[in-house]
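This is upload19.cif (mmCIF, C-alpha atoms and all ligand atoms).
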data_my_file
#
loop_
_atom_site.label_atom_id
_atom_site.label_comp_id
_atom_site.auth_asym_id
_atom_site.auth_seq_id
_atom_site.Cartn_x
_atom_site.Cartn_y
_atom_site.Cartn_z
CA MET A 1 35.46 -46.57 -152.93
CA ILE A 2 35.22 -48.71 -149.84
CA ARG A 3 38.64 -49.57 -148.50
CA ILE A 4 39.71 -52.29 -146.09
CA ASN A 5 41.72 -52.10 -142.91
CA GLU A 6 44.99 -53.09 -144.58
CA ASN A 7 46.46 -54.24 -141.30
CA TYR A 8 44.42 -57.40 -141.85
CA THR A 9 46.54 -58.20 -144.89
CA LYS A 10 49.57 -58.58 -142.61
CA LEU A 11 47.90 -61.50 -140.82
CA LYS A 12 48.27 -65.13 -141.69
CA ALA A 13 45.35 -66.16 -143.92
CA SER A 14 43.43 -67.89 -141.13
CA TYR A 15 43.35 -68.15 -137.36
CA LEU A 16 45.45 -71.05 -136.04
CA PHE A 17 42.59 -73.19 -134.71
CA ALA A 18 40.47 -72.53 -137.80
CA ASP A 19 43.41 -73.64 -139.94
CA ILE A 20 43.80 -76.86 -137.95
CA ALA A 21 40.04 -77.54 -138.04
CA LYS A 22 40.12 -77.20 -141.83
CA ARG A 23 42.99 -79.68 -142.16
CA VAL A 24 41.27 -82.14 -139.81
CA SER A 25 37.95 -81.85 -141.69
CA ALA A 26 39.75 -82.59 -144.95
CA TYR A 27 41.37 -85.66 -143.39
CA VAL A 28 38.07 -86.90 -141.95
CA ALA A 29 36.32 -86.41 -145.30
CA ALA A 30 39.03 -88.41 -147.06
CA ASN A 31 39.18 -91.11 -144.36
CA PRO A 32 35.66 -91.54 -143.00
CA GLN A 33 36.46 -95.00 -141.65
CA LYS A 34 39.26 -93.69 -139.38
CA PRO A 35 37.91 -91.99 -136.23
CA VAL A 36 39.97 -89.01 -135.16
CA ILE A 37 40.66 -88.06 -131.53
CA ARG A 38 40.97 -84.31 -130.96
CA LEU A 39 43.64 -83.23 -128.50
CA GLY A 40 44.26 -79.99 -130.37
CA ILE A 41 42.14 -77.01 -129.38
CA GLY A 42 41.59 -76.89 -125.64
CA ASP A 43 37.89 -77.56 -125.68
CA VAL A 44 36.25 -79.24 -122.72
CA THR A 45 34.36 -82.52 -123.08
CA GLU A 46 32.87 -83.17 -119.64
CA PRO A 47 29.33 -81.94 -118.93
CA LEU A 48 28.69 -78.83 -116.86
CA PRO A 49 28.83 -79.29 -113.07
CA ALA A 50 25.42 -80.27 -111.68
CA VAL A 51 25.21 -77.04 -109.64
CA CYS A 52 25.50 -75.06 -112.89
CA THR A 53 22.79 -76.93 -114.78
CA ALA A 54 20.48 -76.70 -111.73
CA ALA A 55 21.08 -72.93 -111.59
CA LEU A 56 20.53 -72.63 -115.35
CA HIS A 57 17.18 -74.44 -115.09
CA ALA A 58 16.04 -72.36 -112.11
CA ALA A 59 17.05 -69.09 -113.77
CA THR A 60 15.33 -70.08 -117.00
CA ASP A 61 12.15 -70.70 -115.00
CA GLU A 62 12.50 -67.19 -113.54
CA MET A 63 12.57 -65.82 -117.07
CA ALA A 64 9.22 -67.51 -117.74
CA VAL A 65 7.41 -65.54 -115.01
CA ARG A 66 6.50 -61.85 -115.31
CA SER A 67 7.51 -61.00 -111.73
CA THR A 68 11.02 -62.48 -112.07
CA PHE A 69 11.61 -61.92 -115.79
CA LYS A 70 14.69 -59.85 -116.67
CA GLY A 71 15.48 -57.71 -119.68
CA TYR A 72 18.82 -55.98 -120.09
CA GLY A 73 21.09 -56.59 -117.13
CA PRO A 74 23.95 -54.37 -116.03
CA GLU A 75 26.62 -54.37 -118.79
CA GLN A 76 29.29 -55.06 -116.15
CA GLY A 77 27.46 -58.13 -114.83
CA TYR A 78 25.00 -58.79 -112.02
CA ALA A 79 26.15 -57.88 -108.51
CA PHE A 80 25.55 -61.45 -107.27
CA LEU A 81 28.24 -62.77 -109.62
CA ARG A 82 30.70 -59.88 -109.23
CA GLU A 83 30.44 -60.14 -105.44
CA ALA A 84 30.94 -63.92 -105.49
CA VAL A 85 34.05 -63.50 -107.68
CA ALA A 86 35.46 -60.76 -105.44
CA GLN A 87 34.92 -62.84 -102.33
CA HIS A 88 35.95 -66.31 -103.49
CA ASP A 89 38.57 -65.66 -106.19
CA TYR A 90 40.20 -62.62 -104.59
CA ALA A 91 39.43 -61.86 -100.90
CA ALA A 92 39.93 -65.57 -100.11
CA ARG A 93 43.48 -65.29 -101.50
CA GLY A 94 44.23 -62.03 -99.72
CA CYS A 95 43.75 -59.88 -102.85
CA ALA A 96 41.99 -56.55 -102.40
CA ILE A 97 39.71 -56.55 -105.44
CA GLU A 98 36.29 -54.91 -105.18
CA ALA A 99 33.18 -56.25 -106.92
CA ASP A 100 32.93 -53.10 -109.04
CA GLU A 101 36.42 -53.69 -110.41
CA ILE A 102 35.15 -56.90 -112.05
CA PHE A 103 33.59 -56.87 -115.53
CA ILE A 104 31.63 -60.00 -116.46
CA SER A 105 31.84 -60.90 -120.14
CA ASP A 106 31.15 -63.67 -122.62
CA GLY A 107 34.74 -64.84 -122.86
CA SER A 108 38.38 -64.10 -122.15
CA LYS A 109 39.27 -64.48 -125.82
CA CYS A 110 37.07 -61.44 -126.55
CA ASP A 111 38.38 -59.47 -123.56
CA CYS A 112 42.05 -60.25 -124.27
CA GLY A 113 41.42 -59.25 -127.85
CA ASN A 114 39.41 -56.11 -127.14
CA ILE A 115 41.39 -54.60 -124.27
CA GLN A 116 44.06 -53.15 -126.57
CA GLU A 117 41.45 -50.73 -128.00
CA ILE A 118 41.72 -48.47 -124.97
CA PHE A 119 45.47 -47.97 -125.41
CA ALA A 120 47.37 -45.88 -127.95
CA THR A 121 47.97 -47.25 -131.40
CA GLU A 122 50.91 -45.05 -132.30
CA GLY A 123 54.15 -45.58 -130.46
CA LEU A 124 52.94 -48.16 -127.95
CA LYS A 125 55.69 -50.67 -127.20
CA LEU A 126 54.35 -54.22 -126.95
CA ALA A 127 55.98 -57.13 -125.13
CA ILE A 128 54.47 -60.47 -126.14
CA PRO A 129 55.69 -63.98 -125.32
CA ASP A 130 56.68 -66.47 -128.00
CA PRO A 131 55.07 -69.04 -128.16
CA VAL A 132 51.79 -67.35 -127.39
CA TYR A 133 47.99 -67.58 -127.56
CA PRO A 134 47.60 -66.04 -131.05
CA VAL A 135 44.82 -63.64 -130.00
CA TYR A 136 47.26 -61.28 -128.23
CA ILE A 137 49.34 -60.76 -131.36
CA ASP A 138 46.68 -60.89 -134.05
CA THR A 139 44.50 -58.24 -132.39
CA ASN A 140 47.45 -55.86 -132.18
CA VAL A 141 48.28 -56.52 -135.82
CA MET A 142 44.66 -55.74 -136.74
CA ALA A 143 44.89 -52.48 -134.77
CA GLY A 144 48.00 -51.43 -136.68
CA ARG A 145 50.52 -51.59 -133.83
CA THR A 146 52.97 -53.74 -135.78
CA GLY A 147 54.77 -53.75 -139.07
CA ALA A 148 54.92 -56.61 -141.53
CA ASN A 149 55.54 -60.24 -140.67
CA VAL A 150 59.16 -60.90 -141.47
CA ASP A 151 60.32 -64.50 -141.12
CA GLY A 152 57.46 -65.40 -138.78
CA ARG A 153 57.70 -62.31 -136.57
CA TYR A 154 55.99 -58.94 -136.77
CA THR A 155 58.23 -55.92 -136.64
CA GLY A 156 57.50 -53.55 -133.78
CA ILE A 157 56.98 -56.22 -131.10
CA THR A 158 59.41 -57.10 -128.33
CA TYR A 159 59.11 -60.88 -128.33
CA LEU A 160 59.63 -62.63 -125.00
CA ASP A 161 61.26 -65.93 -125.90
CA CYS A 162 60.07 -68.97 -123.96
CA THR A 163 62.52 -71.79 -124.58
CA PRO A 164 63.74 -75.00 -122.96
CA ALA A 165 66.70 -72.94 -121.64
CA ASN A 166 64.49 -70.63 -119.54
CA GLY A 167 61.94 -73.30 -118.62
CA TYR A 168 59.49 -71.54 -120.95
CA VAL A 169 59.18 -68.59 -118.54
CA PRO A 170 60.45 -65.49 -120.36
CA ALA A 171 63.12 -63.16 -119.05
CA ILE A 172 62.25 -59.54 -118.39
CA PRO A 173 63.22 -57.39 -121.39
CA SER A 174 66.29 -55.22 -121.12
CA THR A 175 64.42 -52.30 -122.70
CA ALA A 176 61.28 -50.43 -121.68
CA THR A 177 57.92 -51.62 -122.99
CA ASP A 178 54.40 -50.31 -122.32
CA LEU A 179 51.93 -53.15 -122.70
CA ILE A 180 53.01 -56.60 -121.57
CA TYR A 181 51.05 -59.81 -122.15
CA LEU A 182 51.62 -62.65 -119.69
CA CYS A 183 49.69 -65.90 -119.32
CA PHE A 184 50.17 -68.27 -116.35
CA PRO A 185 49.55 -71.19 -116.15
CA ASN A 186 50.68 -70.78 -119.71
CA ASN A 187 48.88 -71.52 -122.89
CA PRO A 188 50.46 -73.22 -124.83
CA THR A 189 53.38 -74.46 -122.71
CA GLY A 190 51.66 -75.25 -119.41
CA ALA A 191 54.55 -73.52 -117.59
CA VAL A 192 53.81 -71.67 -114.35
CA ALA A 193 55.43 -68.54 -112.90
CA THR A 194 56.71 -68.40 -109.35
CA ARG A 195 55.91 -65.61 -106.92
CA ALA A 196 59.46 -64.25 -107.37
CA GLN A 197 59.12 -64.19 -111.17
CA LEU A 198 55.77 -62.37 -111.01
CA THR A 199 57.16 -59.94 -108.43
CA ALA A 200 59.95 -59.05 -110.88
CA TRP A 201 57.39 -58.43 -113.65
CA VAL A 202 55.35 -56.15 -111.41
CA ALA A 203 58.50 -54.20 -110.49
CA TYR A 204 59.43 -53.89 -114.19
CA ALA A 205 55.94 -52.63 -115.07
CA LYS A 206 56.08 -50.10 -112.22
CA ALA A 207 59.50 -48.85 -113.26
CA ASN A 208 58.30 -48.31 -116.84
CA ASN A 209 54.77 -46.97 -116.15
CA ALA A 210 53.63 -50.01 -118.10
CA ILE A 211 50.60 -52.28 -117.81
CA ILE A 212 50.63 -56.08 -117.58
CA LEU A 213 47.73 -57.94 -119.19
CA PHE A 214 47.66 -61.10 -117.09
CA ASP A 215 45.70 -64.01 -118.52
CA SER A 216 44.99 -66.55 -115.79
CA ALA A 217 42.30 -68.53 -117.57
CA TYR A 218 43.91 -71.77 -116.36
CA GLU A 219 44.43 -70.89 -112.68
CA ALA A 220 41.97 -73.60 -111.53
CA TYR A 221 44.56 -76.18 -112.61
CA ILE A 222 47.25 -74.97 -110.21
CA ARG A 223 47.94 -77.63 -107.59
CA ASP A 224 51.32 -76.41 -106.31
CA PRO A 225 50.42 -74.26 -103.26
CA ALA A 226 53.45 -72.01 -103.83
CA ILE A 227 52.27 -70.83 -107.26
CA PRO A 228 50.15 -67.64 -107.29
CA HIS A 229 46.69 -67.94 -108.86
CA SER A 230 46.38 -64.22 -109.44
CA ILE A 231 48.77 -61.41 -110.29
CA TYR A 232 47.09 -59.49 -107.46
CA GLU A 233 48.74 -61.83 -104.96
CA ILE A 234 51.84 -59.76 -105.73
CA PRO A 235 51.99 -56.52 -103.71
CA GLY A 236 51.58 -53.47 -105.94
CA ALA A 237 50.02 -55.38 -108.85
CA ARG A 238 46.77 -53.44 -108.49
CA ASP A 239 48.61 -50.42 -109.88
CA VAL A 240 50.03 -52.15 -112.96
CA ALA A 241 47.87 -55.11 -114.00
CA ILE A 242 44.62 -56.16 -115.60
CA GLU A 243 43.62 -59.80 -115.08
CA PHE A 244 41.52 -62.06 -117.32
CA ARG A 245 39.69 -65.09 -115.95
CA SER A 246 37.29 -67.50 -117.55
CA PHE A 247 34.71 -70.06 -116.53
CA SER A 248 35.51 -71.99 -119.74
CA LYS A 249 38.26 -74.26 -118.49
CA THR A 250 37.40 -73.86 -114.80
CA ALA A 251 33.84 -75.13 -115.09
CA GLY A 252 33.36 -76.37 -118.65
CA PHE A 253 31.83 -73.14 -120.05
CA THR A 254 33.48 -73.13 -123.51
CA GLY A 255 30.06 -73.47 -125.10
CA THR A 256 28.15 -71.69 -122.34
CA ARG A 257 30.30 -68.52 -122.44
CA CYS A 258 31.14 -66.58 -119.31
CA ALA A 259 34.33 -64.91 -118.15
CA TYR A 260 35.50 -61.80 -116.36
CA THR A 261 38.15 -59.13 -116.48
CA VAL A 262 39.50 -57.29 -113.46
CA VAL A 263 40.46 -53.65 -113.95
CA PRO A 264 41.48 -52.10 -110.62
CA LYS A 265 40.41 -48.52 -110.02
CA THR A 266 43.97 -47.63 -109.04
CA LEU A 267 45.28 -48.45 -112.51
CA LEU A 268 46.31 -45.37 -114.47
CA ALA A 269 47.49 -44.72 -118.02
CA TYR A 270 48.68 -41.54 -119.71
CA ASP A 271 47.66 -39.33 -122.61
CA LEU A 272 50.15 -37.72 -124.97
CA ALA A 273 50.46 -34.72 -122.66
CA GLY A 274 51.33 -36.99 -119.72
CA LYS A 275 48.01 -36.50 -117.93
CA THR A 276 46.76 -39.61 -116.10
CA HIS A 277 43.49 -41.36 -116.85
CA SER A 278 41.63 -44.15 -115.07
CA VAL A 279 41.90 -47.36 -117.09
CA HIS A 280 38.82 -48.65 -115.26
CA ALA A 281 36.82 -45.68 -116.55
CA LEU A 282 38.05 -46.24 -120.10
CA TRP A 283 37.23 -49.94 -120.05
CA ASN A 284 33.83 -49.20 -118.50
CA ARG A 285 33.17 -46.73 -121.33
CA ARG A 286 34.15 -49.27 -123.95
CA HIS A 287 32.26 -52.12 -122.28
CA THR A 288 29.01 -50.17 -121.85
CA THR A 289 29.19 -48.94 -125.44
CA LYS A 290 29.94 -52.24 -127.14
CA PHE A 291 28.52 -54.92 -124.83
CA ASN A 292 25.12 -55.61 -123.33
CA GLY A 293 25.97 -58.16 -120.70
CA VAL A 294 25.91 -61.94 -120.35
CA ALA A 295 22.54 -63.72 -120.17
CA TYR A 296 21.07 -63.86 -116.67
CA PRO A 297 20.78 -67.70 -116.56
CA ILE A 298 24.43 -68.03 -117.62
CA GLN A 299 25.57 -65.67 -114.86
CA LYS A 300 23.48 -67.66 -112.38
CA ALA A 301 25.16 -70.86 -113.58
CA ALA A 302 28.60 -69.24 -113.18
CA ALA A 303 27.80 -68.01 -109.67
CA ALA A 304 26.83 -71.57 -108.66
CA ILE A 305 30.47 -72.68 -108.78
CA TYR A 306 31.17 -70.57 -105.69
CA THR A 307 28.88 -72.65 -103.44
CA ASP A 308 30.48 -75.46 -101.41
CA ALA A 309 28.98 -78.06 -103.76
CA GLY A 310 30.11 -76.02 -106.77
CA LYS A 311 33.68 -75.80 -105.51
CA ALA A 312 33.76 -79.58 -104.98
CA GLN A 313 32.36 -80.23 -108.47
CA VAL A 314 34.88 -77.88 -110.10
CA LYS A 315 37.68 -79.62 -108.23
CA THR A 316 36.45 -83.02 -109.43
CA MET A 317 36.31 -81.77 -113.03
CA THR A 318 39.74 -80.12 -113.04
CA ASP A 319 41.25 -83.14 -111.23
CA PHE A 320 39.82 -85.33 -113.98
CA TYR A 321 41.54 -83.35 -116.74
CA LEU A 322 44.75 -83.17 -114.71
CA ALA A 323 44.69 -86.97 -114.39
CA ASN A 324 44.46 -87.11 -118.21
CA ALA A 325 47.40 -84.70 -118.33
CA ALA A 326 49.44 -86.95 -116.03
CA LEU A 327 48.75 -89.94 -118.30
CA ILE A 328 49.85 -87.94 -121.35
CA ARG A 329 52.99 -86.70 -119.64
CA THR A 330 54.02 -90.18 -118.53
CA ALA A 331 53.30 -91.76 -121.92
CA VAL A 332 55.16 -89.04 -123.82
CA SER A 333 58.16 -89.24 -121.46
CA ASN A 334 58.21 -93.03 -121.89
CA LEU A 335 58.50 -92.45 -125.63
CA GLY A 336 61.74 -90.59 -124.94
CA LEU A 337 60.33 -87.12 -125.65
CA SER A 338 60.86 -84.29 -123.19
CA CYS A 339 57.83 -82.29 -122.16
CA VAL A 340 56.63 -79.69 -119.67
CA GLY A 341 53.22 -78.66 -118.36
CA GLY A 342 50.38 -80.94 -117.39
CA ASP A 343 51.04 -80.70 -113.65
CA ASN A 344 49.52 -77.28 -112.96
CA ALA A 345 47.95 -76.85 -116.38
CA PRO A 346 45.84 -78.84 -118.83
CA TYR A 347 48.39 -78.58 -121.64
CA ILE A 348 51.48 -80.67 -122.27
CA TRP A 349 54.19 -79.03 -124.35
CA ILE A 350 56.35 -81.58 -126.11
CA ASN A 351 59.80 -80.93 -127.47
CA THR A 352 59.65 -83.17 -130.54
CA GLY A 353 62.93 -82.08 -132.06
CA ARG A 354 61.17 -82.16 -135.44
CA ASP A 355 59.28 -79.72 -137.62
CA SER A 356 56.07 -79.14 -135.72
CA TRP A 357 53.66 -79.26 -138.69
CA GLU A 358 55.40 -82.44 -139.87
CA PHE A 359 54.84 -83.95 -136.42
CA PHE A 360 51.21 -82.77 -136.52
CA ASP A 361 50.77 -84.53 -139.89
CA LEU A 362 52.45 -87.67 -138.57
CA LEU A 363 50.04 -87.88 -135.62
CA LEU A 364 47.01 -87.08 -137.79
CA ASN A 365 47.86 -89.47 -140.63
CA ASN A 366 49.34 -92.36 -138.65
CA ALA A 367 47.57 -92.13 -135.28
CA GLN A 368 44.40 -90.16 -136.13
CA VAL A 369 45.22 -87.87 -133.22
CA VAL A 370 45.00 -84.08 -133.48
CA CYS A 371 47.57 -81.99 -131.62
CA THR A 372 48.50 -78.33 -132.08
CA PRO A 373 51.77 -77.62 -133.91
CA GLY A 374 53.98 -75.37 -131.82
CA ALA A 375 54.95 -73.22 -134.80
CA GLY A 376 51.34 -71.99 -134.85
CA PHE A 377 52.01 -70.26 -131.53
CA GLY A 378 55.19 -68.51 -132.70
CA LYS A 379 58.74 -68.99 -133.85
CA CYS A 380 59.91 -70.41 -130.51
CA GLY A 381 57.13 -72.99 -130.75
CA GLU A 382 58.86 -74.63 -133.71
CA GLY A 383 60.06 -78.13 -132.81
CA HIS A 384 57.22 -78.52 -130.31
CA VAL A 385 53.60 -79.62 -130.26
CA ARG A 386 50.90 -79.03 -127.67
CA ILE A 387 48.65 -81.83 -126.49
CA SER A 388 45.49 -80.90 -124.65
CA ALA A 389 44.21 -82.96 -121.72
CA PHE A 390 40.60 -82.01 -122.48
CA ASN A 391 38.96 -85.25 -123.54
CA SER A 392 37.39 -88.39 -122.11
CA ARG A 393 39.68 -90.87 -120.32
CA GLU A 394 38.91 -93.50 -122.96
CA ASN A 395 39.91 -91.20 -125.82
CA VAL A 396 43.10 -90.11 -124.07
CA GLU A 397 44.13 -93.72 -123.43
CA THR A 398 43.35 -94.73 -127.01
CA ALA A 399 45.18 -91.70 -128.38
CA LEU A 400 48.29 -92.49 -126.33
CA LYS A 401 48.36 -96.09 -127.59
CA ARG A 402 48.00 -94.90 -131.17
CA ILE A 403 50.71 -92.24 -130.75
CA ALA A 404 53.14 -94.83 -129.32
CA ALA A 405 52.48 -97.18 -132.26
CA ALA A 406 52.80 -94.40 -134.82
CA LEU A 407 56.09 -93.15 -133.41
CA LYS A 408 57.53 -96.66 -133.24
CA GLN A 409 56.59 -97.17 -136.87
CA SER A 410 58.12 -93.87 -137.96
CA LYS A 411 61.56 -94.63 -136.46
C1 LIG B 501 43.31 -73.15 -126.93
O1 LIG B 501 43.19 -74.29 -127.36
O2 LIG B 501 44.38 -72.53 -126.94
C2 LIG B 501 42.11 -72.50 -126.33
O3 LIG B 501 41.05 -73.38 -126.25
C3 LIG B 501 41.72 -71.37 -127.15
C4 LIG B 501 40.76 -70.50 -126.44
O4 LIG B 501 40.55 -70.61 -125.24
O5 LIG B 501 40.25 -69.63 -127.14
#

Mind turning this structure into structure tokens?
Ligand code: MLT
Amino acid sequence: MIRINENYTKLKASYLFADIAKRVSAYVAANPQKPVIRLGIGDVTEPLPAVCTAALHAATDEMAVRSTFKGYGPEQGYAFLREAVAQHDYAARGCAIEADEIFISDGSKCDCGNIQEIFATEGLKLAIPDPVYPVYIDTNVMAGRTGANVDGRYTGITYLDCTPANGYVPAIPSTATDLIYLCFPNNPTGAVATRAQLTAWVAYAKANNAIILFDSAYEAYIRDPAIPHSIYEIPGARDVAIEFRSFSKTAGFTGTRCAYTVVPKTLLAYDLAGKTHSVHALWNRRHTTKFNGVAYPIQKAAAAIYTDAGKAQVKTMTDFYLANAALIRTAVSNLGLSCVGGDNAPYIWINTGRDSWEFFDLLLNNAQVVCTPGAGFGKCGEGHVRISAFNSRENVETALKRIAAALKQSK
């Protein structure tokens, strides 16, 4: 008799964004005359930078000629892209990351979700923020590292509460943990961590022989020069952290798919007998077994963002979304709601003071605007909603007018 992985039965029936998409589709089907504006899932709307499409075309032409055609590429990614990442994203910021410590992939969602496979299932102590990008939790539930969901929280996880009181940057736990998930600039709150805060996390990880999984998919939105873009800007982080980066939000690659994960060669983890193992070697083993690399034209398109023209085009694109974020922040504040994020991140986290799904329904039904209910990101997300700045200027302006009218009406 074929049996299922029963850990899946502990999960909520559907993934947060799939759940929202289903509700929105039902609304659209019932109200075809009311156009909906989507500020829910953080999906980009602006076309790829011109350098990327030019590189895509040129690389596609190479694939059409026998002498330049390419079959399987290196699973870890082509050297031209790994070297560009090492030079521009790391060496330029004073971080000692080598090209062969970078693994190119088809997305940070997959990497953040898959990385846990190389760590123990039994007895591993997890520290996960709340609210949080659901992938970190759900993949650990699937792997059997948690107990049941009791009142919205899985047993066996040390939750790192992110609340208005701590500015949505969690405190370091008072107990030891082994695998710590951090995301800055944060999804969903848009909060950023200072150098001092990250330094404290690195020290905590060192003291506990733990590993930090640092998701910096939104680093291209940092404008405050004092905020670190990478965990590796913190001395010693090479020995305790893995970093995830993505071209999705940096350069509009959500549909194009390209990302990378940095696993320093100095990073060690232990077996049951206390013997050390290279985490880089483990991840390389997993990656080469289960992944065959990102398409050559896509890697060429990604590498194009590191040219001078590419950097300028990425800056224009991220500035555009940040200008949307500023409009949202101002409009929401003018409505008397407190919010954070949007200054160094493309998300605005609004403290609605109401049930978050109720607020979601209010915006959908009365303003035809989709947001993401905070409760979907965890217990501490209750009372909040997330608004994404990824949309056209016209849609953002229309959405803000509709939200203002809907809230006035609901008073
Ligand atoms: C989000 O809306 O949180 C992100 O778009 C999800 C993702 O990057 O997978």

Counting only C-alpha atoms and all ligand atoms, figure out which residue out of A:Lys290, A:Lys34, A:Lys249, A:Arg3 gets nearest to ligand LIG 501 (chain B). A:Lys249

Nearby residues (all atoms listed in the file) at most 9 Å from stretch 106-122 of chain A, same-chain spacing under 5 positions excluded, as an MDAnalysis selection string: chainID A and resid 135:140 143:145 179 213 215 217 244:248 254 256:261 269 271 279 282:283 286 293:295

Counting only C-alpha atoms, closest pick from A:Ile157, A:Leu198, A:Leu335, A:Val240 relative to A:Leu124 is A:Ile157

Would you compute the distance between atom CA of A:Gly383 and atom CA of A:Cys162? Give it in Å to one decimal. 12.7 Å

Ligand LIG 501 (chain B): which residues are within 7 Å, counting all atoms listed in the file? Reply as a PDB file with C-alpha atoms, keeping the file's coordinate frame.
ATOM      1  CA  GLY A  40      44.260 -79.990-130.370  1.00  0.00           C
ATOM      2  CA  ILE A  41      42.140 -77.010-129.380  1.00  0.00           C
ATOM      3  CA  GLY A  42      41.590 -76.890-125.640  1.00  0.00           C
ATOM      4  CA  ASP A  43      37.890 -77.560-125.680  1.00  0.00           C
ATOM      5  CA  LYS A 109      39.270 -64.480-125.820  1.00  0.00           C
ATOM      6  CA  TYR A 133      47.990 -67.580-127.560  1.00  0.00           C
ATOM      7  CA  ASN A 187      48.880 -71.520-122.890  1.00  0.00           C
ATOM      8  CA  PRO A 188      50.460 -73.220-124.830  1.00  0.00           C
TER       9      PRO A 188
END
